[in-house]
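Heads up, the thing below is written out as structure tokens.
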Amino acid sequence: MVIRLEIGDVLTLKKAHPCGSKEWKIVRVGVDIGLRCVGCDRFVMVSRRKLEGKIREIYREGQYLKPQESTIEA
Ligand SMILES: [Zn+2]
């Protein structure tokens, strides 16, 4: 299962950032995903593989999706 991730999506992760926010906005998509913390604006690059297991929800176009509801057909 490959999770569909798009620039502009806001991810809710299982674990909170030290600033207290669990929401990260996707700003770059590739082998590594560029994320900006919604709480403190910190930018990080995370490998897609590492990130996929940490996602609780994906907010896209006004909808909250579970990761398993946002997949790319293999
Ligand atoms: Zn933060």
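Residue names in the structure tokens use chain letters A, B, ... in the order shown, residue numbers from 1 in each chain, and ligand numbers from 1 in the order shown.
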* Got a sec: who's within 9 Å of Cys37 of chain A, counting only C-alpha atoms, leaving out chain neighbours fewer than 4 positions off, as a PyMOL selection string? -> chain A and resi 17+19+21-25+41-44
Store the residues picked out above in a file with C-alpha atoms, as a PDB file, in the first residue's frame.
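The resulting part12.pdb:
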ATOM      1  CA  HIS A  17       6.181  17.741  17.909  1.00  0.00           C
ATOM      2  CA  CYS A  19       5.932  22.477  20.256  1.00  0.00           C
ATOM      3  CA  SER A  21       1.307  20.416  17.452  1.00  0.00           C
ATOM      4  CA  LYS A  22       0.567  17.138  15.697  1.00  0.00           C
ATOM      5  CA  GLU A  23      -0.190  18.791  12.356  1.00  0.00           C
ATOM      6  CA  TRP A  24       2.278  19.093   9.510  1.00  0.00           C
ATOM      7  CA  LYS A  25       1.694  20.621   6.102  1.00  0.00           C
ATOM      8  CA  ASP A  41       6.767  26.525  11.325  1.00  0.00           C
ATOM      9  CA  ARG A  42       9.790  24.208  11.573  1.00  0.00           C
ATOM     10  CA  PHE A  43      10.726  22.510   8.279  1.00  0.00           C
ATOM     11  CA  VAL A  44      11.838  18.881   8.121  1.00  0.00           C
TER      12      VAL A  44
END
* For segment 50-67 of chain A, please output as a list of chain:residue names all residues within 10 Å (counting only C-alpha atoms; exclusion window: fewer than 5 positions along the same chain). =>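 Counting only C-alpha atoms, the residues come to A:Met1, A:Val2, A:Ile3, A:Arg4, A:Leu5, A:Glu6, A:Ile7, A:Gly8, A:Asp9, A:Val10, A:Leu11, A:Thr12, A:Leu13, A:Lys14, A:Lys15, A:Lys22, A:Glu23, A:Trp24, A:Lys25, A:Asp32, A:Ile33, A:Met45.
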Take the residues from that selection and put them in a file with N, CA and C atoms, as a compact mmCIF listing (two decimals), in the first residue's frame.
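Dumped everything to result26.txt:
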# COMPACT_ATOMS: atom_id res chain seq x y z
N MET A 1 0.85 -1.20 0.00
CA MET A 1 0.00 0.00 0.00
C MET A 1 0.88 1.25 0.00
N VAL A 2 0.67 2.10 -0.98
CA VAL A 2 1.40 3.36 -1.02
C VAL A 2 0.40 4.47 -0.73
N ILE A 3 0.70 5.26 0.28
CA ILE A 3 -0.21 6.34 0.66
C ILE A 3 -0.02 7.53 -0.28
N ARG A 4 -1.12 8.03 -0.77
CA ARG A 4 -1.10 9.21 -1.63
C ARG A 4 -0.84 10.44 -0.77
N LEU A 5 0.20 11.19 -1.11
CA LEU A 5 0.54 12.40 -0.38
C LEU A 5 0.69 13.53 -1.39
N GLU A 6 0.07 14.66 -1.12
CA GLU A 6 0.12 15.78 -2.06
C GLU A 6 0.55 17.05 -1.35
N ILE A 7 1.19 17.91 -2.12
CA ILE A 7 1.55 19.22 -1.56
C ILE A 7 0.26 19.92 -1.12
N GLY A 8 0.29 20.50 0.07
CA GLY A 8 -0.89 21.18 0.60
C GLY A 8 -1.69 20.33 1.57
N ASP A 9 -1.50 19.01 1.54
CA ASP A 9 -2.16 18.15 2.53
C ASP A 9 -1.66 18.52 3.92
N VAL A 10 -2.54 18.40 4.91
CA VAL A 10 -2.11 18.59 6.30
C VAL A 10 -2.24 17.23 6.99
N LEU A 11 -1.11 16.75 7.49
CA LEU A 11 -1.09 15.44 8.15
C LEU A 11 -1.21 15.61 9.65
N THR A 12 -2.04 14.77 10.26
CA THR A 12 -2.04 14.64 11.72
C THR A 12 -1.23 13.40 12.03
N LEU A 13 -0.15 13.58 12.78
CA LEU A 13 0.71 12.45 13.11
C LEU A 13 0.35 11.88 14.48
N LYS A 14 0.83 10.66 14.72
CA LYS A 14 0.49 9.97 15.97
C LYS A 14 1.19 10.62 17.16
N LYS A 15 2.38 11.17 16.90
CA LYS A 15 3.18 11.74 17.99
C LYS A 15 3.29 13.26 17.80
N LYS A 22 0.45 18.43 16.39
CA LYS A 22 0.57 17.14 15.70
C LYS A 22 0.33 17.31 14.20
N GLU A 23 0.15 18.55 13.75
CA GLU A 23 -0.19 18.79 12.36
C GLU A 23 1.00 19.32 11.57
N TRP A 24 1.18 18.71 10.40
CA TRP A 24 2.28 19.09 9.51
C TRP A 24 1.72 19.28 8.11
N LYS A 25 2.13 20.36 7.47
CA LYS A 25 1.69 20.62 6.10
C LYS A 25 2.75 20.12 5.13
N ASP A 32 11.77 11.79 -0.47
CA ASP A 32 11.62 12.40 0.85
C ASP A 32 10.48 13.40 0.79
N ILE A 33 9.78 13.50 1.91
CA ILE A 33 8.64 14.42 1.99
C ILE A 33 9.06 15.61 2.85
N MET A 45 12.64 17.27 6.51
CA MET A 45 12.51 16.32 5.41
C MET A 45 12.50 14.93 6.04
* Separation of atom CA of Ser47 of chain A and atom 1 (Zn, counted along the ligand's line) of ligand 1, in Å? ->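 Between atom CA of Ser47 of chain A and atom 1 (Zn, counted along the ligand's line) of ligand 1 the gap is 18.1 Å.
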* To do: Select from chain A everything DSSP, run on the backbone, classes as strand (DSSP E), then give the selection as a ChimeraX atom specification.
  => /A:2-3,10-13,23-28,32-37,43-47,55-60,63-65,71-72
* To do: Could you please write out, as JSON, numbers by chain, every residue of chain A that DSSP assigns to helix (DSSP H, G or I)?
  => {"A": [48, 49, 50, 51, 52, 67, 68, 69]}
* Asked: When you draw a straight line from atom CA of Gly39 of chain A to atom CA of Gly20 of chain A, how long is it in Å?
  -> 7.2 Å
* To do: Point out the residue among A:Val46, A:Ser70, A:Val27, A:Pro18 with the least atom-to-atom distance to ligand 1, counting only C-alpha atoms and all ligand atoms.
  => A:Pro18
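Each of A:Cys40, A:Leu35, A:Ile72, A:Ile26 was checked against ligand 1 using only C-alpha atoms and all ligand atoms; the smallest atom-to-atom distance is that of A:Cys40.
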* With only C-alpha atoms and all ligand atoms as the basis for distance, which of A:Glu73, A:Gln68, A:Ala16, A:Gly30 is at the shortest distance from ligand 1? ->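 Looking at the shortest contact to ligand 1, the residue is A:Ala16.
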